[in-house]
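One file, input37.pdb, is given below (PDB, C-alpha atoms, pLDDT in the B column).
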ATOM      1  CA  MET A   1      50.615  39.227   8.981  1.00 46.00           C
ATOM      2  CA  THR A   2      53.800  37.360   8.134  1.00 50.00           C
ATOM      3  CA  ASP A   3      52.832  33.836   9.098  1.00 69.00           C
ATOM      4  CA  GLY A   4      53.220  32.738   5.475  1.00 83.00           C
ATOM      5  CA  LYS A   5      49.532  32.194   4.882  1.00 91.00           C
ATOM      6  CA  GLU A   6      47.971  33.199   1.609  1.00 94.00           C
ATOM      7  CA  LYS A   7      45.694  36.194   1.939  1.00 96.00           C
ATOM      8  CA  VAL A   8      42.225  36.668   0.574  1.00 98.00           C
ATOM      9  CA  THR A   9      40.228  39.877   0.729  1.00 98.00           C
ATOM     10  CA  LEU A  10      36.616  40.502  -0.144  1.00 98.00           C
ATOM     11  CA  VAL A  11      35.000  43.903  -0.485  1.00 98.00           C
ATOM     12  CA  VAL A  12      31.333  43.498   0.325  1.00 98.00           C
ATOM     13  CA  PHE A  13      29.716  46.570  -1.219  1.00 98.00           C
ATOM     14  CA  SER A  14      26.280  45.039  -1.746  1.00 98.00           C
ATOM     15  CA  GLY A  15      23.605  44.717   0.881  1.00 97.00           C
ATOM     16  CA  GLU A  16      21.664  41.884  -0.683  1.00 97.00           C
ATOM     17  CA  LEU A  17      21.110  38.440   0.751  1.00 97.00           C
ATOM     18  CA  ASP A  18      22.212  36.455  -2.304  1.00 97.00           C
ATOM     19  CA  ARG A  19      25.394  38.453  -2.831  1.00 98.00           C
ATOM     20  CA  ALA A  20      26.257  38.308   0.860  1.00 98.00           C
ATOM     21  CA  ILE A  21      25.760  34.534   0.894  1.00 98.00           C
ATOM     22  CA  ALA A  22      28.118  34.212  -2.083  1.00 98.00           C
ATOM     23  CA  ALA A  23      30.699  36.343  -0.264  1.00 98.00           C
ATOM     24  CA  PHE A  24      30.478  34.268   2.937  1.00 98.00           C
ATOM     25  CA  ASN A  25      30.681  31.052   0.929  1.00 98.00           C
ATOM     26  CA  ILE A  26      33.943  32.146  -0.652  1.00 98.00           C
ATOM     27  CA  ALA A  27      35.269  33.377   2.685  1.00 98.00           C
ATOM     28  CA  ILE A  28      34.471  30.047   4.374  1.00 98.00           C
ATOM     29  CA  GLY A  29      36.049  28.123   1.512  1.00 97.00           C
ATOM     30  CA  ALA A  30      39.207  30.209   1.622  1.00 98.00           C
ATOM     31  CA  ALA A  31      39.515  29.979   5.407  1.00 98.00           C
ATOM     32  CA  SER A  32      39.033  26.201   5.130  1.00 97.00           C
ATOM     33  CA  MET A  33      41.952  26.141   2.716  1.00 96.00           C
ATOM     34  CA  ASP A  34      44.272  27.693   5.299  1.00 95.00           C
ATOM     35  CA  MET A  35      44.033  31.171   3.846  1.00 97.00           C
ATOM     36  CA  GLU A  36      43.776  34.326   5.910  1.00 97.00           C
ATOM     37  CA  VAL A  37      40.532  36.064   5.017  1.00 98.00           C
ATOM     38  CA  SER A  38      39.384  39.655   5.538  1.00 97.00           C
ATOM     39  CA  MET A  39      35.979  40.923   4.539  1.00 98.00           C
ATOM     40  CA  PHE A  40      35.595  44.673   4.157  1.00 98.00           C
ATOM     41  CA  PHE A  41      32.008  45.812   4.385  1.00 98.00           C
ATOM     42  CA  THR A  42      31.347  49.161   2.797  1.00 97.00           C
ATOM     43  CA  PHE A  43      28.332  51.190   1.688  1.00 97.00           C
ATOM     44  CA  TRP A  44      25.251  48.937   1.361  1.00 98.00           C
ATOM     45  CA  GLY A  45      27.392  46.063   2.562  1.00 98.00           C
ATOM     46  CA  LEU A  46      27.218  47.548   6.069  1.00 98.00           C
ATOM     47  CA  ASN A  47      23.600  46.373   6.165  1.00 98.00           C
ATOM     48  CA  VAL A  48      24.906  42.816   6.467  1.00 98.00           C
ATOM     49  CA  LEU A  49      26.672  43.705   9.713  1.00 98.00           C
ATOM     50  CA  LYS A  50      23.873  45.715  11.307  1.00 98.00           C
ATOM     51  CA  ARG A  51      22.225  44.137  14.312  1.00 97.00           C
ATOM     52  CA  ASN A  52      18.721  42.826  13.710  1.00 97.00           C
ATOM     53  CA  GLU A  53      17.130  44.027  16.936  1.00 95.00           C
ATOM     54  CA  GLY A  54      16.353  47.473  18.219  1.00 93.00           C
ATOM     55  CA  GLU A  55      16.350  50.895  16.722  1.00 92.00           C
ATOM     56  CA  ILE A  56      19.371  52.349  14.951  1.00 93.00           C
ATOM     57  CA  LYS A  57      19.840  55.893  16.103  1.00 90.00           C
ATOM     58  CA  SER A  58      21.518  58.581  14.066  1.00 91.00           C
ATOM     59  CA  LYS A  59      21.674  62.348  14.160  1.00 89.00           C
ATOM     60  CA  GLY A  60      20.075  64.628  11.588  1.00 92.00           C
ATOM     61  CA  ILE A  61      16.871  64.217   9.654  1.00 95.00           C
ATOM     62  CA  LEU A  62      18.450  62.870   6.449  1.00 95.00           C
ATOM     63  CA  LYS A  63      20.475  60.238   8.247  1.00 94.00           C
ATOM     64  CA  ARG A  64      17.494  59.265  10.362  1.00 93.00           C
ATOM     65  CA  MET A  65      15.393  58.882   7.228  1.00 94.00           C
ATOM     66  CA  LEU A  66      18.086  56.852   5.504  1.00 94.00           C
ATOM     67  CA  ASN A  67      18.388  54.446   8.399  1.00 93.00           C
ATOM     68  CA  LEU A  68      14.644  54.079   8.586  1.00 92.00           C
ATOM     69  CA  MET A  69      14.362  53.219   4.899  1.00 93.00           C
ATOM     70  CA  ASN A  70      17.610  51.300   4.889  1.00 94.00           C
ATOM     71  CA  ARG A  71      17.394  49.530   8.248  1.00 96.00           C
ATOM     72  CA  GLY A  72      19.493  46.488   7.306  1.00 96.00           C
ATOM     73  CA  GLY A  73      20.379  43.492   9.465  1.00 97.00           C
ATOM     74  CA  THR A  74      20.600  39.949   8.108  1.00 97.00           C
ATOM     75  CA  LYS A  75      16.884  39.337   8.587  1.00 96.00           C
ATOM     76  CA  ARG A  76      15.964  42.264   6.336  1.00 96.00           C
ATOM     77  CA  LEU A  77      18.337  41.752   3.414  1.00 96.00           C
ATOM     78  CA  PRO A  78      16.530  41.627   0.061  1.00 96.00           C
ATOM     79  CA  LEU A  79      17.390  39.495  -2.946  1.00 96.00           C
ATOM     80  CA  SER A  80      19.210  41.201  -5.808  1.00 95.00           C
ATOM     81  CA  ARG A  81      16.588  39.762  -8.175  1.00 94.00           C
ATOM     82  CA  PHE A  82      12.989  38.624  -7.706  1.00 92.00           C
ATOM     83  CA  GLN A  83      12.615  40.387  -4.386  1.00 89.00           C
ATOM     84  CA  MET A  84       8.871  40.873  -5.033  1.00 92.00           C
ATOM     85  CA  VAL A  85       8.232  42.895  -1.873  1.00 90.00           C
ATOM     86  CA  GLY A  86       9.848  40.297   0.329  1.00 91.00           C
ATOM     87  CA  LEU A  87       8.333  37.224  -1.246  1.00 94.00           C
ATOM     88  CA  GLY A  88      11.550  36.480  -3.150  1.00 94.00           C
ATOM     89  CA  ALA A  89      13.781  36.559  -0.090  1.00 94.00           C
ATOM     90  CA  TRP A  90      11.279  34.460   1.857  1.00 94.00           C
ATOM     91  CA  MET A  91      11.162  31.914  -0.983  1.00 94.00           C
ATOM     92  CA  MET A  92      14.940  31.718  -1.291  1.00 95.00           C
ATOM     93  CA  LYS A  93      15.381  31.242   2.477  1.00 95.00           C
ATOM     94  CA  ARG A  94      12.726  28.530   2.360  1.00 95.00           C
ATOM     95  CA  LEU A  95      14.467  26.757  -0.542  1.00 94.00           C
ATOM     96  CA  MET A  96      17.778  26.878   1.255  1.00 94.00           C
ATOM     97  CA  LYS A  97      16.232  25.563   4.452  1.00 94.00           C
ATOM     98  CA  ASP A  98      14.551  22.712   2.562  1.00 94.00           C
ATOM     99  CA  GLU A  99      17.922  21.817   1.060  1.00 93.00           C
ATOM    100  CA  ASN A 100      19.619  21.980   4.447  1.00 92.00           C
ATOM    101  CA  PHE A 101      21.775  24.914   3.345  1.00 95.00           C
ATOM    102  CA  PRO A 102      22.852  27.157   6.240  1.00 95.00           C
ATOM    103  CA  GLN A 103      21.053  30.447   6.802  1.00 96.00           C
ATOM    104  CA  ILE A 104      23.156  33.582   6.423  1.00 97.00           C
ATOM    105  CA  GLU A 105      23.573  33.918  10.208  1.00 97.00           C
ATOM    106  CA  GLU A 106      24.987  30.386  10.340  1.00 97.00           C
ATOM    107  CA  LEU A 107      27.361  31.142   7.468  1.00 97.00           C
ATOM    108  CA  MET A 108      28.568  34.196   9.350  1.00 98.00           C
ATOM    109  CA  SER A 109      29.246  32.275  12.541  1.00 97.00           C
ATOM    110  CA  GLU A 110      30.969  29.526  10.547  1.00 96.00           C
ATOM    111  CA  ALA A 111      33.188  32.190   8.931  1.00 97.00           C
ATOM    112  CA  LYS A 112      33.997  33.657  12.349  1.00 98.00           C
ATOM    113  CA  GLU A 113      34.776  30.245  13.768  1.00 96.00           C
ATOM    114  CA  LEU A 114      37.283  29.746  10.945  1.00 96.00           C
ATOM    115  CA  GLY A 115      38.946  33.075  11.737  1.00 97.00           C
ATOM    116  CA  VAL A 116      37.531  35.300   8.997  1.00 98.00           C
ATOM    117  CA  LYS A 117      37.891  38.993   9.908  1.00 98.00           C
ATOM    118  CA  PHE A 118      34.981  41.386   9.506  1.00 98.00           C
ATOM    119  CA  VAL A 119      35.956  45.018   8.910  1.00 97.00           C
ATOM    120  CA  ALA A 120      33.423  47.865   8.722  1.00 97.00           C
ATOM    121  CA  CYS A 121      34.194  50.927   6.609  1.00 97.00           C
ATOM    122  CA  THR A 122      34.303  54.049   8.763  1.00 96.00           C
ATOM    123  CA  THR A 123      33.728  56.435   5.842  1.00 95.00           C
ATOM    124  CA  SER A 124      30.415  54.798   4.961  1.00 96.00           C
ATOM    125  CA  MET A 125      29.533  54.772   8.642  1.00 96.00           C
ATOM    126  CA  GLY A 126      30.198  58.507   8.873  1.00 95.00           C
ATOM    127  CA  ILE A 127      28.230  59.380   5.756  1.00 95.00           C
ATOM    128  CA  MET A 128      25.295  57.190   6.744  1.00 95.00           C
ATOM    129  CA  GLY A 129      25.325  58.280  10.376  1.00 94.00           C
ATOM    130  CA  LEU A 130      26.078  54.861  11.829  1.00 96.00           C
ATOM    131  CA  GLY A 131      27.870  54.385  15.135  1.00 95.00           C
ATOM    132  CA  LYS A 132      29.530  51.206  16.325  1.00 96.00           C
ATOM    133  CA  ASP A 133      26.387  50.437  18.306  1.00 96.00           C
ATOM    134  CA  ALA A 134      24.558  49.825  15.002  1.00 96.00           C
ATOM    135  CA  PHE A 135      26.567  46.670  14.402  1.00 97.00           C
ATOM    136  CA  ILE A 136      26.829  43.110  15.635  1.00 98.00           C
ATOM    137  CA  PRO A 137      29.672  42.382  18.076  1.00 97.00           C
ATOM    138  CA  GLU A 138      31.359  40.087  15.531  1.00 97.00           C
ATOM    139  CA  VAL A 139      32.878  43.103  13.762  1.00 98.00           C
ATOM    140  CA  ASP A 140      36.637  42.859  14.338  1.00 97.00           C
ATOM    141  CA  SER A 141      37.636  46.373  13.361  1.00 96.00           C
ATOM    142  CA  TYR A 142      36.538  49.685  11.962  1.00 97.00           C
ATOM    143  CA  ALA A 143      38.851  51.001   9.276  1.00 96.00           C
ATOM    144  CA  GLY A 144      39.344  52.642   5.908  1.00 94.00           C
ATOM    145  CA  VAL A 145      40.754  52.093   2.469  1.00 94.00           C
ATOM    146  CA  ALA A 146      44.412  52.011   3.532  1.00 93.00           C
ATOM    147  CA  THR A 147      43.710  49.011   5.760  1.00 93.00           C
ATOM    148  CA  TYR A 148      41.958  47.293   2.889  1.00 94.00           C
ATOM    149  CA  LEU A 149      44.774  48.020   0.427  1.00 94.00           C
ATOM    150  CA  ALA A 150      47.475  46.970   2.858  1.00 93.00           C
ATOM    151  CA  ASP A 151      45.782  43.568   3.013  1.00 93.00           C
ATOM    152  CA  ALA A 152      44.815  43.434  -0.659  1.00 95.00           C
ATOM    153  CA  ARG A 153      48.330  44.076  -1.965  1.00 95.00           C
ATOM    154  CA  GLU A 154      49.446  40.956  -0.129  1.00 94.00           C
ATOM    155  CA  GLY A 155      46.365  39.063  -1.230  1.00 95.00           C
ATOM    156  CA  SER A 156      46.370  36.365  -3.851  1.00 93.00           C
ATOM    157  CA  VAL A 157      42.600  36.589  -4.251  1.00 96.00           C
ATOM    158  CA  ASN A 158      40.817  39.946  -3.980  1.00 97.00           C
ATOM    159  CA  LEU A 159      37.139  40.143  -4.804  1.00 97.00           C
ATOM    160  CA  PHE A 160      34.516  42.856  -4.977  1.00 98.00           C
ATOM    161  CA  VAL A 161      30.980  41.702  -4.273  1.00 98.00           C
TER     162      VAL A 161
ATOM    163  CA  MET B   1      39.590   1.810   1.473  1.00 84.00           C
ATOM    164  CA  ASN B   2      40.256   1.783   5.189  1.00 90.00           C
ATOM    165  CA  ALA B   3      39.913   5.065   7.012  1.00 95.00           C
ATOM    166  CA  ASP B   4      40.820   6.051  10.555  1.00 97.00           C
ATOM    167  CA  VAL B   5      38.047   8.599  10.870  1.00 97.00           C
ATOM    168  CA  THR B   6      34.784   9.113   8.975  1.00 98.00           C
ATOM    169  CA  LEU B   7      33.070  12.460   8.500  1.00 98.00           C
ATOM    170  CA  ASP B   8      29.446  12.452   7.385  1.00 98.00           C
ATOM    171  CA  CYS B   9      28.570  15.388   5.111  1.00 97.00           C
ATOM    172  CA  VAL B  10      25.603  13.779   3.386  1.00 96.00           C
ATOM    173  CA  GLY B  11      22.921  16.380   2.695  1.00 94.00           C
ATOM    174  CA  LEU B  12      25.333  19.287   2.936  1.00 95.00           C
ATOM    175  CA  TYR B  13      26.180  21.669   0.133  1.00 93.00           C
ATOM    176  CA  CYS B  14      29.360  23.564  -0.605  1.00 92.00           C
ATOM    177  CA  PRO B  15      31.123  25.054   1.337  1.00 94.00           C
ATOM    178  CA  MET B  16      30.115  22.929   4.336  1.00 95.00           C
ATOM    179  CA  PRO B  17      31.827  19.617   3.394  1.00 96.00           C
ATOM    180  CA  ILE B  18      35.077  21.508   2.872  1.00 96.00           C
ATOM    181  CA  SER B  19      34.866  23.560   6.057  1.00 96.00           C
ATOM    182  CA  LYS B  20      33.942  20.457   8.061  1.00 96.00           C
ATOM    183  CA  THR B  21      36.855  18.585   6.487  1.00 97.00           C
ATOM    184  CA  ALA B  22      39.211  21.429   7.403  1.00 96.00           C
ATOM    185  CA  LYS B  23      38.085  21.257  11.042  1.00 95.00           C
ATOM    186  CA  LYS B  24      38.052  17.466  11.241  1.00 97.00           C
ATOM    187  CA  ILE B  25      41.517  16.983   9.787  1.00 97.00           C
ATOM    188  CA  LYS B  26      42.919  18.909  12.749  1.00 95.00           C
ATOM    189  CA  GLU B  27      41.811  16.080  15.032  1.00 96.00           C
ATOM    190  CA  LEU B  28      43.801  13.495  13.065  1.00 97.00           C
ATOM    191  CA  ASP B  29      47.455  12.524  13.419  1.00 97.00           C
ATOM    192  CA  ARG B  30      49.795  12.858  10.489  1.00 97.00           C
ATOM    193  CA  GLY B  31      49.476   9.823   8.218  1.00 97.00           C
ATOM    194  CA  GLN B  32      45.925   8.995   9.270  1.00 98.00           C
ATOM    195  CA  VAL B  33      43.190   8.742   6.652  1.00 98.00           C
ATOM    196  CA  LEU B  34      39.947  10.690   6.731  1.00 98.00           C
ATOM    197  CA  GLU B  35      36.893   9.443   4.890  1.00 98.00           C
ATOM    198  CA  VAL B  36      34.354  12.085   3.876  1.00 98.00           C
ATOM    199  CA  LEU B  37      30.850  10.973   2.942  1.00 97.00           C
ATOM    200  CA  ALA B  38      28.955  13.409   0.746  1.00 97.00           C
ATOM    201  CA  ASP B  39      26.221  13.635  -1.847  1.00 95.00           C
ATOM    202  CA  ASP B  40      26.989  17.046  -3.370  1.00 94.00           C
ATOM    203  CA  GLU B  41      28.700  16.266  -6.656  1.00 93.00           C
ATOM    204  CA  GLY B  42      30.987  19.283  -6.214  1.00 94.00           C
ATOM    205  CA  ILE B  43      33.032  17.161  -3.804  1.00 95.00           C
ATOM    206  CA  LYS B  44      34.576  15.324  -6.786  1.00 95.00           C
ATOM    207  CA  GLU B  45      36.476  18.451  -7.814  1.00 94.00           C
ATOM    208  CA  ASP B  46      36.533  20.250  -4.483  1.00 95.00           C
ATOM    209  CA  MET B  47      38.243  17.617  -2.379  1.00 97.00           C
ATOM    210  CA  PRO B  48      41.275  17.248  -4.695  1.00 96.00           C
ATOM    211  CA  ALA B  49      41.427  21.065  -4.951  1.00 95.00           C
ATOM    212  CA  TRP B  50      41.300  21.403  -1.166  1.00 97.00           C
ATOM    213  CA  CYS B  51      44.097  18.834  -0.855  1.00 97.00           C
ATOM    214  CA  ARG B  52      46.281  20.602  -3.453  1.00 95.00           C
ATOM    215  CA  VAL B  53      46.052  23.879  -1.570  1.00 94.00           C
ATOM    216  CA  THR B  54      46.337  22.557   1.980  1.00 95.00           C
ATOM    217  CA  GLY B  55      49.106  20.055   1.242  1.00 95.00           C
ATOM    218  CA  ASN B  56      47.165  16.957   2.262  1.00 97.00           C
ATOM    219  CA  GLU B  57      47.200  13.841   0.113  1.00 97.00           C
ATOM    220  CA  PHE B  58      44.132  13.078  -1.956  1.00 97.00           C
ATOM    221  CA  LEU B  59      43.760   9.309  -2.091  1.00 97.00           C
ATOM    222  CA  GLY B  60      40.718   9.109  -4.324  1.00 97.00           C
ATOM    223  CA  ILE B  61      36.977   9.146  -4.397  1.00 97.00           C
ATOM    224  CA  GLU B  62      34.455   6.333  -4.692  1.00 97.00           C
ATOM    225  CA  GLU B  63      31.017   6.883  -6.145  1.00 96.00           C
ATOM    226  CA  GLU B  64      28.037   4.712  -5.491  1.00 93.00           C
ATOM    227  CA  SER B  65      24.516   5.684  -6.571  1.00 91.00           C
ATOM    228  CA  GLY B  66      24.887   9.410  -6.022  1.00 89.00           C
ATOM    229  CA  GLN B  67      26.901   9.077  -2.825  1.00 95.00           C
ATOM    230  CA  TYR B  68      30.576   9.845  -2.633  1.00 97.00           C
ATOM    231  CA  LYS B  69      33.327   8.663  -0.355  1.00 97.00           C
ATOM    232  CA  ALA B  70      36.422  10.832  -0.546  1.00 98.00           C
ATOM    233  CA  TYR B  71      39.693   9.810   1.091  1.00 98.00           C
ATOM    234  CA  VAL B  72      42.347  12.176   2.378  1.00 98.00           C
ATOM    235  CA  ARG B  73      45.605  11.390   4.126  1.00 98.00           C
ATOM    236  CA  LYS B  74      46.728  14.005   6.603  1.00 97.00           C
ATOM    237  CA  SER B  75      50.175  14.943   5.353  1.00 95.00           C
ATOM    238  CA  LYS B  76      51.276  17.847   7.479  1.00 83.00           C
TER     239      LYS B  76
END
Could you show the structure in this file as structure tokens?
Amino acid sequence: MTDGKEKVTLVVFSGELDRAIAAFNIAIGAASMDMEVSMFFTFWGLNVLKRNEGEIKSKGILKRMLNLMNRGGTKRLPLSRFQMVGLGAWMMKRLMKDENFPQIEELMSEAKELGVKFVACTTSMGIMGLGKDAFIPEVDSYAGVATYLADAREGSVNLFV
Amino acid sequence: MNADVTLDCVGLYCPMPISKTAKKIKELDRGQVLEVLADDEGIKEDMPAWCRVTGNEFLGIEEESGQYKAYVRKSK
């Protein structure tokens, strides 16, 4: 906390591929510039952290329905524009691959390697009926708004994506 | 310009040249020069910006037919 490094925080509210890529890009850049980076995933942003494989179990019919319709996981993230029933996301991934740009999973592991912290919002988890088992093991902590603000007030760059 | 270490980032887009530079510079001794090869034009602005923030010395950039060679001296 007090190692003199500049702090950067990102709130990832969106669960779309393009927005998530932009967030990871900034996080990687900041971490490469010796800054301490925390990414807070809340609401639809939790979809970015959901594991790709297996079923996500939750209690209650509404929550079960939500997690069926809103399964999430990096492989299922749509584009914020031109999704076209999946064609858009497929096309964008293809373009990025052709241009040798890392896939979102690679960006995430690059961010982790550089020390970026992933925090999942417990309030959104509670409302949406998500347990810790819904997420990838790369999540560093599960926390709320006070944790975010404690970091953000020391942050020189705070972004909402 | 003579470099001690060369890092090839040709074909890579932002933020990869910067993150690779950040990792590579750790392997150098203070005073040594790193050469970064790239073809993403963003490197022209990004490398000096990276140096300003990280406290390394930006020695310049050479451009030759769409390819860039950026030079950084490890300063801390």
message: Should the cut-off be 10 Å, what would the residue list for chain B against chain A look like, counting only C-alpha atoms, as an NGL selection string?
response: :B and (11-23 or 46 or 49-55)
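CA of Lys50 (chain A) is found 15.2 Å from CA of Lys63 (chain A).
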- request: Identify which of the residues A:Gly88, A:Gly144, A:Gly129, A:Gly4 lies closest to Arg64 (chain A), counting all atoms listed in the file when measuring atom-to-atom distances.
  value: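 When distances to Arg64 (chain A) are compared using all atoms listed in the file, the smallest one comes from A:Gly129.
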Selection near Ser124 (chain A), 10 Å with all atoms listed in the file, sequence-local residues under 3 positions removed, as a JSON list (two decimals) with C-alpha atoms, in the frame of the given file:
[["chain", "number", "residue", "atom", "x", "y", "z"],
["A", 41, "PHE", "CA", 32.01, 45.81, 4.38],
["A", 42, "THR", "CA", 31.35, 49.16, 2.80],
["A", 43, "PHE", "CA", 28.33, 51.19, 1.69],
["A", 44, "TRP", "CA", 25.25, 48.94, 1.36],
["A", 45, "GLY", "CA", 27.39, 46.06, 2.56],
["A", 46, "LEU", "CA", 27.22, 47.55, 6.07],
["A", 120, "ALA", "CA", 33.42, 47.86, 8.72],
["A", 121, "CYS", "CA", 34.19, 50.93, 6.61],
["A", 127, "ILE", "CA", 28.23, 59.38, 5.76],
["A", 128, "MET", "CA", 25.30, 57.19, 6.74],
["A", 129, "GLY", "CA", 25.32, 58.28, 10.38],
["A", 130, "LEU", "CA", 26.08, 54.86, 11.83],
["A", 144, "GLY", "CA", 39.34, 52.64, 5.91]]
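The closest residue to Tyr71 (chain B), picked from B:Glu57, B:Asp40, B:Glu27, B:Asp8 and counting only C-alpha atoms, is B:Glu57.
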message: If we count all atoms listed in the file and set the cut-off at 12 Å, which residues sit around Val5 (chain B), ignoring sequence neighbours fewer than 6 positions away in its own chain? Please answer as a list of chain:residue names.
response: B:Thr21, B:Lys24, B:Ile25, B:Lys26, B:Glu27, B:Leu28, B:Asp29, B:Gly31, B:Gln32, B:Val33, B:Leu34, B:Glu35, B:Val36, B:Leu37, B:Ala70, B:Tyr71, B:Val72, B:Arg73, B:Lys74
query: Given the choices A:Ser38, A:Asn158, A:Asn52, A:Ser80, which gets closest to Glu16 (chain A) if the distance is worked out from all atoms listed in the file?
result: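 Distance minimum relative to Glu16 (chain A) lands on A:Ser80.
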task: Pick out the residues sitting within 12 Å of region 55-61 of chain A, and hand them over as a VMD selection string; count only C-alpha atoms, and ignore anything fewer than 2 positions along from it in its own chain.
output: chain A and resid 47 50 to 53 63 to 73 125 to 136
